[in-house]
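Asker: run01.cif is the file, holding mmCIF, N, CA and C atoms:
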data_structure
loop_
_atom_site.label_atom_id
_atom_site.label_comp_id
_atom_site.auth_asym_id
_atom_site.auth_seq_id
_atom_site.Cartn_x
_atom_site.Cartn_y
_atom_site.Cartn_z
N MET A 1 118.75 -132.84 -73.65
CA MET A 1 119.87 -132.31 -74.37
C MET A 1 120.98 -131.92 -73.42
N ALA A 2 122.09 -132.17 -73.91
CA ALA A 2 123.25 -131.91 -73.08
C ALA A 2 123.86 -130.58 -73.46
N LYS A 3 124.41 -129.94 -72.48
CA LYS A 3 125.05 -128.65 -72.74
C LYS A 3 126.40 -128.89 -73.37
N ILE A 4 126.68 -128.05 -74.36
CA ILE A 4 127.97 -128.14 -75.02
C ILE A 4 128.81 -126.98 -74.53
N ALA A 5 129.97 -127.23 -74.14
CA ALA A 5 130.84 -126.20 -73.60
C ALA A 5 131.50 -125.46 -74.76
N THR A 6 131.41 -124.16 -74.71
CA THR A 6 132.07 -123.34 -75.72
C THR A 6 133.04 -122.43 -75.01
N LYS A 7 134.11 -122.17 -75.65
CA LYS A 7 135.12 -121.32 -75.05
C LYS A 7 135.05 -119.96 -75.75
N THR A 8 134.91 -118.90 -74.99
CA THR A 8 134.90 -117.55 -75.53
C THR A 8 136.18 -116.87 -75.13
N LYS A 9 136.70 -116.10 -76.03
CA LYS A 9 137.93 -115.40 -75.77
C LYS A 9 137.60 -114.02 -75.24
N ILE A 10 138.09 -113.63 -74.12
CA ILE A 10 137.85 -112.32 -73.51
C ILE A 10 139.04 -111.44 -73.86
N VAL A 11 138.74 -110.30 -74.49
CA VAL A 11 139.78 -109.35 -74.88
C VAL A 11 139.83 -108.27 -73.82
N SER A 12 140.99 -107.98 -73.39
CA SER A 12 141.18 -106.95 -72.38
C SER A 12 140.87 -105.58 -72.98
N LYS A 13 140.07 -104.80 -72.29
CA LYS A 13 139.72 -103.46 -72.76
C LYS A 13 140.86 -102.48 -72.52
N SER A 14 141.77 -102.86 -71.73
CA SER A 14 142.88 -101.97 -71.45
C SER A 14 144.05 -102.19 -72.39
N ALA A 15 143.88 -103.07 -73.35
CA ALA A 15 144.96 -103.35 -74.28
C ALA A 15 145.20 -102.14 -75.15
N LYS A 16 146.44 -101.72 -75.27
CA LYS A 16 146.77 -100.54 -76.05
C LYS A 16 147.23 -100.97 -77.42
N GLY A 17 147.00 -100.10 -78.40
CA GLY A 17 147.47 -100.37 -79.74
C GLY A 17 146.46 -101.10 -80.59
N THR A 18 145.31 -101.40 -80.05
CA THR A 18 144.29 -102.06 -80.85
C THR A 18 143.11 -101.12 -81.00
N GLY A 19 142.43 -101.22 -82.09
CA GLY A 19 141.24 -100.40 -82.31
C GLY A 19 141.56 -99.07 -82.96
N LYS A 20 140.61 -98.21 -82.98
CA LYS A 20 140.75 -96.91 -83.64
C LYS A 20 141.48 -95.93 -82.74
N PRO A 21 142.25 -95.02 -83.35
CA PRO A 21 142.90 -94.00 -82.52
C PRO A 21 141.85 -93.01 -81.99
N PRO A 22 142.12 -92.42 -80.85
CA PRO A 22 141.15 -91.47 -80.30
C PRO A 22 141.03 -90.23 -81.20
N LYS A 23 139.81 -89.71 -81.23
CA LYS A 23 139.56 -88.51 -82.04
C LYS A 23 140.13 -87.29 -81.34
N ALA A 24 140.61 -86.36 -82.18
CA ALA A 24 141.14 -85.12 -81.62
C ALA A 24 139.97 -84.23 -81.23
N LYS A 25 140.12 -83.58 -80.11
CA LYS A 25 139.07 -82.68 -79.65
C LYS A 25 139.12 -81.39 -80.45
N VAL A 26 137.94 -80.90 -80.82
CA VAL A 26 137.84 -79.65 -81.56
C VAL A 26 137.75 -78.51 -80.57
N VAL A 27 138.67 -77.61 -80.71
CA VAL A 27 138.70 -76.46 -79.82
C VAL A 27 138.15 -75.27 -80.58
N ALA A 28 137.04 -74.74 -80.13
CA ALA A 28 136.43 -73.59 -80.78
C ALA A 28 137.07 -72.32 -80.27
N LYS A 29 137.51 -71.51 -81.21
CA LYS A 29 138.11 -70.24 -80.82
C LYS A 29 137.02 -69.19 -80.70
N LYS A 30 137.07 -68.49 -79.65
CA LYS A 30 136.08 -67.44 -79.44
C LYS A 30 136.62 -66.13 -79.98
N ALA A 31 135.75 -65.44 -80.71
CA ALA A 31 136.14 -64.14 -81.25
C ALA A 31 136.18 -63.13 -80.11
N PRO A 32 137.07 -62.18 -80.20
CA PRO A 32 137.11 -61.18 -79.13
C PRO A 32 135.79 -60.39 -79.11
N ALA A 33 135.39 -60.01 -77.94
CA ALA A 33 134.14 -59.28 -77.79
C ALA A 33 134.22 -57.94 -78.53
N LYS A 34 133.19 -57.68 -79.33
CA LYS A 34 133.17 -56.42 -80.08
C LYS A 34 132.67 -55.30 -79.19
N THR A 35 133.28 -54.18 -79.36
CA THR A 35 132.79 -53.02 -78.63
C THR A 35 131.62 -52.44 -79.41
N PRO A 36 130.58 -52.04 -78.75
CA PRO A 36 129.42 -51.50 -79.47
C PRO A 36 129.79 -50.21 -80.21
N THR A 37 129.31 -50.13 -81.43
CA THR A 37 129.59 -48.93 -82.22
C THR A 37 128.60 -47.85 -81.83
N ILE A 38 129.12 -46.70 -81.63
CA ILE A 38 128.28 -45.57 -81.26
C ILE A 38 128.11 -44.70 -82.49
N ARG A 39 126.87 -44.59 -82.91
CA ARG A 39 126.58 -43.77 -84.09
C ARG A 39 126.24 -42.36 -83.66
N LYS A 40 126.69 -41.46 -84.49
CA LYS A 40 126.39 -40.07 -84.21
C LYS A 40 124.93 -39.80 -84.56
N ALA A 41 124.31 -39.00 -83.75
CA ALA A 41 122.92 -38.65 -84.01
C ALA A 41 122.87 -37.77 -85.24
N ARG A 42 122.02 -38.17 -86.17
CA ARG A 42 121.87 -37.38 -87.39
C ARG A 42 120.98 -36.18 -87.13
N ALA A 43 121.33 -35.12 -87.77
CA ALA A 43 120.48 -33.95 -87.68
C ALA A 43 119.22 -34.22 -88.49
N PRO A 44 118.07 -33.81 -88.02
CA PRO A 44 116.86 -34.05 -88.79
C PRO A 44 116.94 -33.36 -90.15
N LYS A 45 116.41 -34.06 -91.14
CA LYS A 45 116.47 -33.53 -92.50
C LYS A 45 115.63 -32.25 -92.57
N GLU A 46 116.24 -31.23 -93.12
CA GLU A 46 115.53 -29.96 -93.24
C GLU A 46 114.50 -30.07 -94.35
N VAL A 47 113.30 -29.68 -94.04
CA VAL A 47 112.21 -29.76 -94.99
C VAL A 47 111.90 -28.35 -95.48
N ASP A 48 111.90 -28.21 -96.79
CA ASP A 48 111.57 -26.92 -97.38
C ASP A 48 110.06 -26.72 -97.26
N PRO A 49 109.61 -25.67 -96.58
CA PRO A 49 108.17 -25.48 -96.42
C PRO A 49 107.47 -25.15 -97.74
N ASN A 50 108.24 -24.79 -98.76
CA ASN A 50 107.62 -24.47 -100.04
C ASN A 50 107.57 -25.68 -100.97
N LYS A 51 107.85 -26.87 -100.46
CA LYS A 51 107.81 -28.08 -101.28
C LYS A 51 107.02 -29.16 -100.58
N TYR A 52 106.35 -29.97 -101.38
CA TYR A 52 105.72 -31.19 -100.89
C TYR A 52 105.98 -32.24 -101.95
N GLY A 53 106.92 -33.12 -101.70
CA GLY A 53 107.33 -34.07 -102.73
C GLY A 53 107.97 -33.29 -103.87
N LYS A 54 107.42 -33.46 -105.07
CA LYS A 54 107.94 -32.72 -106.23
C LYS A 54 107.07 -31.50 -106.55
N PHE A 55 106.14 -31.19 -105.68
CA PHE A 55 105.30 -30.01 -105.86
C PHE A 55 105.98 -28.81 -105.24
N VAL A 56 105.89 -27.67 -105.91
CA VAL A 56 106.40 -26.41 -105.37
C VAL A 56 105.18 -25.57 -105.04
N ILE A 57 105.08 -25.20 -103.77
CA ILE A 57 103.92 -24.47 -103.26
C ILE A 57 104.34 -23.04 -102.92
N LEU A 58 103.58 -22.07 -103.40
CA LEU A 58 103.85 -20.67 -103.09
C LEU A 58 102.67 -20.08 -102.34
N ASP A 59 102.97 -19.08 -101.51
CA ASP A 59 101.90 -18.39 -100.79
C ASP A 59 101.16 -17.46 -101.74
N ALA A 60 99.83 -17.45 -101.63
CA ALA A 60 98.99 -16.56 -102.43
C ALA A 60 97.89 -16.00 -101.52
N PHE A 61 98.29 -15.56 -100.35
CA PHE A 61 97.32 -15.13 -99.35
C PHE A 61 96.63 -13.82 -99.74
N ASN A 62 95.45 -13.65 -99.19
CA ASN A 62 94.71 -12.39 -99.31
C ASN A 62 94.00 -12.14 -97.99
N GLU A 63 93.18 -11.11 -97.93
CA GLU A 63 92.53 -10.76 -96.66
C GLU A 63 91.56 -11.84 -96.21
N LYS A 64 90.83 -12.41 -97.15
CA LYS A 64 89.83 -13.40 -96.79
C LYS A 64 90.46 -14.73 -96.41
N TYR A 65 91.51 -15.14 -97.14
CA TYR A 65 92.18 -16.41 -96.88
C TYR A 65 93.67 -16.16 -96.63
N PRO A 66 94.07 -15.96 -95.39
CA PRO A 66 95.47 -15.64 -95.10
C PRO A 66 96.43 -16.82 -95.30
N GLU A 67 95.91 -18.05 -95.42
CA GLU A 67 96.78 -19.22 -95.59
C GLU A 67 96.73 -19.77 -97.01
N MET A 68 96.16 -19.06 -97.95
CA MET A 68 95.99 -19.58 -99.30
C MET A 68 97.34 -19.84 -99.97
N VAL A 69 97.39 -20.93 -100.75
CA VAL A 69 98.60 -21.30 -101.48
C VAL A 69 98.25 -21.55 -102.95
N ILE A 70 99.28 -21.45 -103.80
CA ILE A 70 99.12 -21.72 -105.22
C ILE A 70 100.23 -22.69 -105.62
N ILE A 71 99.93 -23.58 -106.56
CA ILE A 71 100.90 -24.57 -107.02
C ILE A 71 101.70 -23.98 -108.17
N ASP A 72 103.02 -23.93 -108.01
CA ASP A 72 103.90 -23.37 -109.02
C ASP A 72 104.43 -24.44 -109.96
N LYS A 73 104.88 -25.58 -109.42
CA LYS A 73 105.39 -26.68 -110.23
C LYS A 73 104.80 -27.97 -109.72
N ALA A 74 104.61 -28.94 -110.65
CA ALA A 74 104.06 -30.24 -110.28
C ALA A 74 104.62 -31.30 -111.20
N PRO A 75 104.61 -32.56 -110.79
CA PRO A 75 105.03 -33.64 -111.68
C PRO A 75 104.12 -33.71 -112.91
N ALA A 76 104.58 -34.39 -113.95
CA ALA A 76 103.84 -34.43 -115.21
C ALA A 76 102.44 -35.01 -115.03
N ALA A 77 102.28 -35.99 -114.15
CA ALA A 77 100.97 -36.60 -113.94
C ALA A 77 99.97 -35.62 -113.34
N TYR A 78 100.48 -34.61 -112.64
CA TYR A 78 99.62 -33.62 -111.99
C TYR A 78 99.78 -32.24 -112.61
N SER A 79 100.14 -32.18 -113.87
CA SER A 79 100.39 -30.88 -114.51
C SER A 79 99.13 -30.02 -114.57
N LYS A 80 97.97 -30.63 -114.50
CA LYS A 80 96.72 -29.86 -114.53
C LYS A 80 96.53 -29.02 -113.28
N LEU A 81 97.30 -29.29 -112.22
CA LEU A 81 97.16 -28.57 -110.96
C LEU A 81 97.98 -27.29 -110.90
N VAL A 82 98.90 -27.09 -111.86
CA VAL A 82 99.75 -25.89 -111.85
C VAL A 82 98.87 -24.66 -112.02
N GLY A 83 99.02 -23.71 -111.11
CA GLY A 83 98.24 -22.49 -111.16
C GLY A 83 96.98 -22.54 -110.32
N LYS A 84 96.60 -23.70 -109.80
CA LYS A 84 95.39 -23.81 -108.97
C LYS A 84 95.70 -23.32 -107.55
N LYS A 85 94.66 -22.87 -106.89
CA LYS A 85 94.79 -22.33 -105.53
C LYS A 85 94.05 -23.21 -104.54
N TRP A 86 94.63 -23.31 -103.33
CA TRP A 86 93.98 -24.02 -102.24
C TRP A 86 93.93 -23.11 -101.03
N VAL A 87 92.95 -23.36 -100.16
CA VAL A 87 92.75 -22.51 -98.99
C VAL A 87 93.93 -22.60 -98.03
N SER A 88 94.55 -23.78 -97.91
CA SER A 88 95.70 -23.93 -97.02
C SER A 88 96.58 -25.07 -97.52
N ARG A 89 97.78 -25.14 -96.98
CA ARG A 89 98.69 -26.24 -97.33
C ARG A 89 98.11 -27.58 -96.93
N ASP A 90 97.48 -27.63 -95.77
CA ASP A 90 96.90 -28.89 -95.30
C ASP A 90 95.83 -29.40 -96.25
N ARG A 91 95.02 -28.52 -96.77
CA ARG A 91 93.98 -28.94 -97.72
C ARG A 91 94.61 -29.47 -99.00
N PHE A 92 95.67 -28.83 -99.46
CA PHE A 92 96.35 -29.28 -100.67
C PHE A 92 96.97 -30.66 -100.45
N ILE A 93 97.65 -30.84 -99.32
CA ILE A 93 98.30 -32.11 -99.02
C ILE A 93 97.26 -33.22 -98.90
N THR A 94 96.12 -32.94 -98.29
CA THR A 94 95.05 -33.92 -98.18
C THR A 94 94.54 -34.31 -99.56
N PHE A 95 94.39 -33.34 -100.44
CA PHE A 95 93.94 -33.62 -101.80
C PHE A 95 94.93 -34.52 -102.54
N ILE A 96 96.22 -34.20 -102.45
CA ILE A 96 97.25 -34.98 -103.14
C ILE A 96 97.30 -36.41 -102.60
N GLU A 97 97.22 -36.58 -101.29
CA GLU A 97 97.23 -37.92 -100.70
C GLU A 97 96.02 -38.72 -101.17
N GLY A 98 94.88 -38.08 -101.29
CA GLY A 98 93.70 -38.76 -101.81
C GLY A 98 93.87 -39.20 -103.25
N GLU A 99 94.46 -38.34 -104.07
CA GLU A 99 94.71 -38.69 -105.47
C GLU A 99 95.67 -39.86 -105.58
N LYS A 100 96.71 -39.87 -104.74
CA LYS A 100 97.66 -40.98 -104.76
C LYS A 100 96.98 -42.28 -104.33
N ALA A 101 96.06 -42.19 -103.39
CA ALA A 101 95.33 -43.39 -102.94
C ALA A 101 94.48 -43.95 -104.06
N TYR A 102 93.80 -43.07 -104.82
CA TYR A 102 92.98 -43.54 -105.94
C TYR A 102 93.84 -44.24 -107.00
N VAL A 103 95.01 -43.70 -107.27
CA VAL A 103 95.91 -44.31 -108.25
C VAL A 103 96.35 -45.69 -107.77
N SER A 104 96.68 -45.79 -106.49
CA SER A 104 97.11 -47.06 -105.93
C SER A 104 96.00 -48.11 -105.99
N ILE A 105 94.77 -47.70 -105.71
CA ILE A 105 93.63 -48.62 -105.77
C ILE A 105 93.39 -49.09 -107.19
N ASP A 106 93.49 -48.19 -108.15
CA ASP A 106 93.31 -48.57 -109.55
C ASP A 106 94.38 -49.56 -110.01
N LYS A 107 95.61 -49.35 -109.60
CA LYS A 107 96.68 -50.29 -109.97
C LYS A 107 96.41 -51.66 -109.36
N GLY A 108 95.96 -51.68 -108.12
CA GLY A 108 95.66 -52.95 -107.46
C GLY A 108 94.53 -53.69 -108.16
N ALA A 109 93.52 -52.94 -108.63
CA ALA A 109 92.40 -53.57 -109.33
C ALA A 109 92.87 -54.18 -110.65
N LYS A 110 93.74 -53.48 -111.36
CA LYS A 110 94.26 -54.02 -112.62
C LYS A 110 95.08 -55.27 -112.38
N ASN A 111 95.91 -55.26 -111.33
CA ASN A 111 96.70 -56.44 -111.02
C ASN A 111 95.81 -57.61 -110.63
N LEU A 112 94.73 -57.34 -109.93
CA LEU A 112 93.79 -58.39 -109.54
C LEU A 112 93.15 -59.02 -110.77
N LEU A 113 92.77 -58.20 -111.75
CA LEU A 113 92.18 -58.74 -112.98
C LEU A 113 93.18 -59.62 -113.72
N LYS A 114 94.44 -59.21 -113.75
CA LYS A 114 95.46 -60.02 -114.41
C LYS A 114 95.63 -61.36 -113.71
N GLU A 115 95.64 -61.36 -112.39
CA GLU A 115 95.78 -62.60 -111.63
C GLU A 115 94.57 -63.50 -111.85
N MET A 116 93.38 -62.92 -111.86
CA MET A 116 92.17 -63.72 -112.07
C MET A 116 92.18 -64.34 -113.47
N ASP A 117 92.64 -63.58 -114.45
CA ASP A 117 92.71 -64.09 -115.81
C ASP A 117 93.73 -65.23 -115.90
N ALA A 118 94.85 -65.10 -115.19
CA ALA A 118 95.88 -66.14 -115.22
C ALA A 118 95.37 -67.44 -114.60
N VAL A 119 94.53 -67.34 -113.58
CA VAL A 119 93.99 -68.52 -112.91
C VAL A 119 92.85 -69.12 -113.73
N GLY A 120 92.17 -68.29 -114.50
CA GLY A 120 91.06 -68.77 -115.31
C GLY A 120 89.70 -68.34 -114.81
N ILE A 121 89.70 -67.40 -113.89
CA ILE A 121 88.43 -66.87 -113.37
C ILE A 121 88.04 -65.68 -114.21
N VAL A 122 86.79 -65.66 -114.68
CA VAL A 122 86.31 -64.56 -115.48
C VAL A 122 85.58 -63.58 -114.57
N PRO A 123 86.03 -62.32 -114.49
CA PRO A 123 85.34 -61.35 -113.64
C PRO A 123 83.97 -61.03 -114.21
N LEU A 124 83.03 -60.72 -113.34
CA LEU A 124 81.66 -60.45 -113.75
C LEU A 124 81.51 -59.07 -114.36
N ASP A 125 82.17 -58.06 -113.78
CA ASP A 125 81.96 -56.68 -114.19
C ASP A 125 83.29 -56.06 -114.60
N VAL A 126 83.74 -56.28 -115.81
CA VAL A 126 85.04 -55.79 -116.27
C VAL A 126 84.96 -54.32 -116.67
N GLU A 127 83.84 -53.85 -117.14
CA GLU A 127 83.72 -52.47 -117.64
C GLU A 127 83.88 -51.44 -116.54
N SER A 128 83.52 -51.78 -115.32
CA SER A 128 83.60 -50.78 -114.24
C SER A 128 85.04 -50.54 -113.81
N ILE A 129 85.93 -51.42 -114.20
CA ILE A 129 87.33 -51.27 -113.77
C ILE A 129 88.12 -50.83 -114.91
#
Starting from the file, lay out its structure as structure tokens.
Answerer:
Amino acid sequence: MAKIATKTKIVSKSAKGTGKPPKAKVVAKKAPAKTPTIRKARAPKEVDPNKYGKFVILDAFNEKYPEMVIIDKAPAAYSKLVGKKWVSRDRFITFIEGEKAYVSIDKGAKNLLKEMDAVGIVPLDVESI
């Protein structure tokens, strides 16, 4: 086979006015540096020693129990505690935190039963909850 001569046209790369115009460069503007804000130190919140949440605690000390307290006011859920006495504030606070924990656990158990029912799982022991 014989070679066939073909002529190719070479276009100069330096030719101006042909092709796409150059893209404009994007110049990003920098925001001025912010000065750090200095916050004033807040004074610690004053805590009334005669209150714990919505409970109002009064001193009811005697010779045998100098730290005894009595509950004067309580939320509606704990209205049965009004007038009861505790040996100390710490004992009362521990009791209330325990009661709140039991309520939270019971709510979680009820939510779990609802989720199990939605999925289609039948709990084995529904009466205990």
Asker: One decimal, Å: what's the distance from atom C of Ile57 (chain A) over to atom C of Lys84 (chain A), could you say?
Answerer: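 Between these atoms lies a distance of 9.8 Å.
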Asker: How many Å separate CA of Ala60 (chain A) from CA of Glu97 (chain A)?
Answerer: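 Value for the CA of Ala60 (chain A)-CA of Glu97 (chain A) distance: 21.5 Å.
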Asker: CA of Gly53 (chain A) and atom C of Arg39 (chain A), how far apart in Å?
Answerer: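 Distance between the two atoms: 28.1 Å.
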Asker: Could you give me the centre and size, in Å to one decimal, of an axis-aligned box around all listed atoms of region 115-120 of chain A with 8 Å added on every side, as AutoDock Vina command-line options?
Answerer:
--center_x 92.8 --center_y -65.2 --center_z -113.8 --size_x 22.2 --size_y 23.8 --size_z 20.3
Asker: Give as JSON, numbers by chain the residues that the PyMOL selection byres (((chain A and resi 82 and name CA) around 9) and name CA) matches when applied to the coordinates above.
Answerer: {"A": [70, 71, 72, 73, 74, 78, 79, 80, 81, 83, 84, 85]}
Asker: Residues of region 2-126 of chain A in helix (DSSP H, G or I) according to DSSP, as a PyMOL selection string?
Answerer: chain A and resi 76-81+89-119
Asker: Skip Pro123 (chain A) itself and residues of its chain fewer than 5 positions away, then list as an mmCIF file with N, CA and C atoms, in the coordinates of the input all residues within 10 Å of it, counting only C-alpha atoms.
Answerer:
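The resulting file, part.cif, is reproduced below:
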data_model
loop_
_atom_site.group_PDB
_atom_site.id
_atom_site.type_symbol
_atom_site.label_atom_id
_atom_site.label_comp_id
_atom_site.auth_asym_id
_atom_site.auth_seq_id
_atom_site.Cartn_x
_atom_site.Cartn_y
_atom_site.Cartn_z
ATOM 1 N N LEU A 112 94.730 -57.340 -109.930
ATOM 2 C CA LEU A 112 93.790 -58.390 -109.540
ATOM 3 C C LEU A 112 93.150 -59.020 -110.770
ATOM 4 N N LEU A 113 92.770 -58.200 -111.750
ATOM 5 C CA LEU A 113 92.180 -58.740 -112.980
ATOM 6 C C LEU A 113 93.180 -59.620 -113.720
ATOM 7 N N MET A 116 93.380 -62.920 -111.860
ATOM 8 C CA MET A 116 92.170 -63.720 -112.070
ATOM 9 C C MET A 116 92.180 -64.340 -113.470
ATOM 10 N N ASP A 117 92.640 -63.580 -114.450
ATOM 11 C CA ASP A 117 92.710 -64.090 -115.810
ATOM 12 C C ASP A 117 93.730 -65.230 -115.900
#
Asker: From a DSSP calculation on the backbone, collect every residue of region 25-75 of chain A in strand (DSSP E or B) and output the set as a list in words.
Answerer: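 Across region 25-75 of chain A, those assigned strand (DSSP E or B) are Lys51, Tyr52, Phe55, Val56, Ile57, Leu58, Asp59, Val69, Ile70, Ile71, Asp72 and Lys73 of chain A.
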Asker: Keeping only N, CA and C atoms, take the residues you just selected and write them out as a JSON list (two decimals), in the coordinates of the input.
Answerer:
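Saved to selection-v8.json:
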[["chain", "number", "residue", "atom", "x", "y", "z"],
["A", 51, "LYS", "N", 107.85, -26.87, -100.46],
["A", 51, "LYS", "CA", 107.81, -28.08, -101.28],
["A", 51, "LYS", "C", 107.02, -29.16, -100.58],
["A", 52, "TYR", "N", 106.35, -29.97, -101.38],
["A", 52, "TYR", "CA", 105.72, -31.19, -100.89],
["A", 52, "TYR", "C", 105.98, -32.24, -101.95],
["A", 55, "PHE", "N", 106.14, -31.19, -105.68],
["A", 55, "PHE", "CA", 105.30, -30.01, -105.86],
["A", 55, "PHE", "C", 105.98, -28.81, -105.24],
["A", 56, "VAL", "N", 105.89, -27.67, -105.91],
["A", 56, "VAL", "CA", 106.40, -26.41, -105.37],
["A", 56, "VAL", "C", 105.18, -25.57, -105.04],
["A", 57, "ILE", "N", 105.08, -25.20, -103.77],
["A", 57, "ILE", "CA", 103.92, -24.47, -103.26],
["A", 57, "ILE", "C", 104.34, -23.04, -102.92],
["A", 58, "LEU", "N", 103.58, -22.07, -103.40],
["A", 58, "LEU", "CA", 103.85, -20.67, -103.09],
["A", 58, "LEU", "C", 102.67, -20.08, -102.34],
["A", 59, "ASP", "N", 102.97, -19.08, -101.51],
["A", 59, "ASP", "CA", 101.90, -18.39, -100.79],
["A", 59, "ASP", "C", 101.16, -17.46, -101.74],
["A", 69, "VAL", "N", 97.39, -20.93, -100.75],
["A", 69, "VAL", "CA", 98.60, -21.30, -101.48],
["A", 69, "VAL", "C", 98.25, -21.55, -102.95],
["A", 70, "ILE", "N", 99.28, -21.45, -103.80],
["A", 70, "ILE", "CA", 99.12, -21.72, -105.22],
["A", 70, "ILE", "C", 100.23, -22.69, -105.62],
["A", 71, "ILE", "N", 99.93, -23.58, -106.56],
["A", 71, "ILE", "CA", 100.90, -24.57, -107.02],
["A", 71, "ILE", "C", 101.70, -23.98, -108.17],
["A", 72, "ASP", "N", 103.02, -23.93, -108.01],
["A", 72, "ASP", "CA", 103.90, -23.37, -109.02],
["A", 72, "ASP", "C", 104.43, -24.44, -109.96],
["A", 73, "LYS", "N", 104.88, -25.58, -109.42],
["A", 73, "LYS", "CA", 105.39, -26.68, -110.23],
["A", 73, "LYS", "C", 104.80, -27.97, -109.72]]
Asker: Extract, using only C-alpha atoms, all DNA, RNA and protein residues at most 12 Å from Phe61 (chain A), discarding same-chain residues fewer than 3 positions from it, and format them as a PyMOL selection string.
Answerer: chain A and resi 58+64-70+85-89
Asker: Could you model all heavy atoms for region 116-122 of chain A and present them as a JSON list (two decimals), in the frame of the given file?
Answerer:
[["chain", "number", "residue", "atom", "x", "y", "z"],
["A", 116, "MET", "N", 93.38, -62.92, -111.86],
["A", 116, "MET", "CA", 92.17, -63.72, -112.07],
["A", 116, "MET", "C", 92.18, -64.34, -113.47],
["A", 116, "MET", "O", 91.79, -65.49, -113.65],
["A", 116, "MET", "CB", 90.92, -62.85, -111.88],
["A", 116, "MET", "CG", 90.66, -62.46, -110.44],
["A", 116, "MET", "SD", 89.30, -61.31, -110.24],
["A", 116, "MET", "CE", 87.91, -62.28, -110.75],
["A", 117, "ASP", "N", 92.64, -63.58, -114.45],
["A", 117, "ASP", "CA", 92.71, -64.09, -115.81],
["A", 117, "ASP", "C", 93.73, -65.23, -115.90],
["A", 117, "ASP", "O", 93.51, -66.22, -116.58],
["A", 117, "ASP", "CB", 93.08, -62.96, -116.78],
["A", 117, "ASP", "CG", 92.99, -63.41, -118.22],
["A", 117, "ASP", "OD1", 92.07, -64.18, -118.55],
["A", 117, "ASP", "OD2", 93.85, -62.98, -119.01],
["A", 118, "ALA", "N", 94.85, -65.10, -115.19],
["A", 118, "ALA", "CA", 95.88, -66.14, -115.22],
["A", 118, "ALA", "C", 95.37, -67.44, -114.60],
["A", 118, "ALA", "O", 95.71, -68.53, -115.04],
["A", 118, "ALA", "CB", 97.13, -65.67, -114.49],
["A", 119, "VAL", "N", 94.53, -67.34, -113.58],
["A", 119, "VAL", "CA", 93.99, -68.52, -112.91],
["A", 119, "VAL", "C", 92.85, -69.12, -113.73],
["A", 119, "VAL", "O", 92.58, -70.31, -113.65],
["A", 119, "VAL", "CB", 93.53, -68.16, -111.48],
["A", 119, "VAL", "CG1", 92.83, -69.30, -110.81],
["A", 119, "VAL", "CG2", 94.70, -67.70, -110.65],
["A", 120, "GLY", "N", 92.17, -68.29, -114.50],
["A", 120, "GLY", "CA", 91.06, -68.77, -115.31],
["A", 120, "GLY", "C", 89.70, -68.34, -114.81],
["A", 120, "GLY", "O", 88.68, -68.84, -115.25],
["A", 121, "ILE", "N", 89.70, -67.40, -113.89],
["A", 121, "ILE", "CA", 88.43, -66.87, -113.37],
["A", 121, "ILE", "C", 88.04, -65.68, -114.21],
["A", 121, "ILE", "O", 88.83, -64.77, -114.43],
["A", 121, "ILE", "CB", 88.56, -66.46, -111.89],
["A", 121, "ILE", "CG1", 89.00, -67.67, -111.06],
["A", 121, "ILE", "CG2", 87.27, -65.88, -111.37],
["A", 121, "ILE", "CD1", 89.35, -67.32, -109.64],
["A", 122, "VAL", "N", 86.79, -65.66, -114.68],
["A", 122, "VAL", "CA", 86.31, -64.56, -115.48],
["A", 122, "VAL", "C", 85.58, -63.58, -114.57],
["A", 122, "VAL", "O", 84.61, -63.95, -113.92],
["A", 122, "VAL", "CB", 85.36, -65.06, -116.59],
["A", 122, "VAL", "CG1", 84.85, -63.91, -117.42],
["A", 122, "VAL", "CG2", 86.07, -66.09, -117.46]]
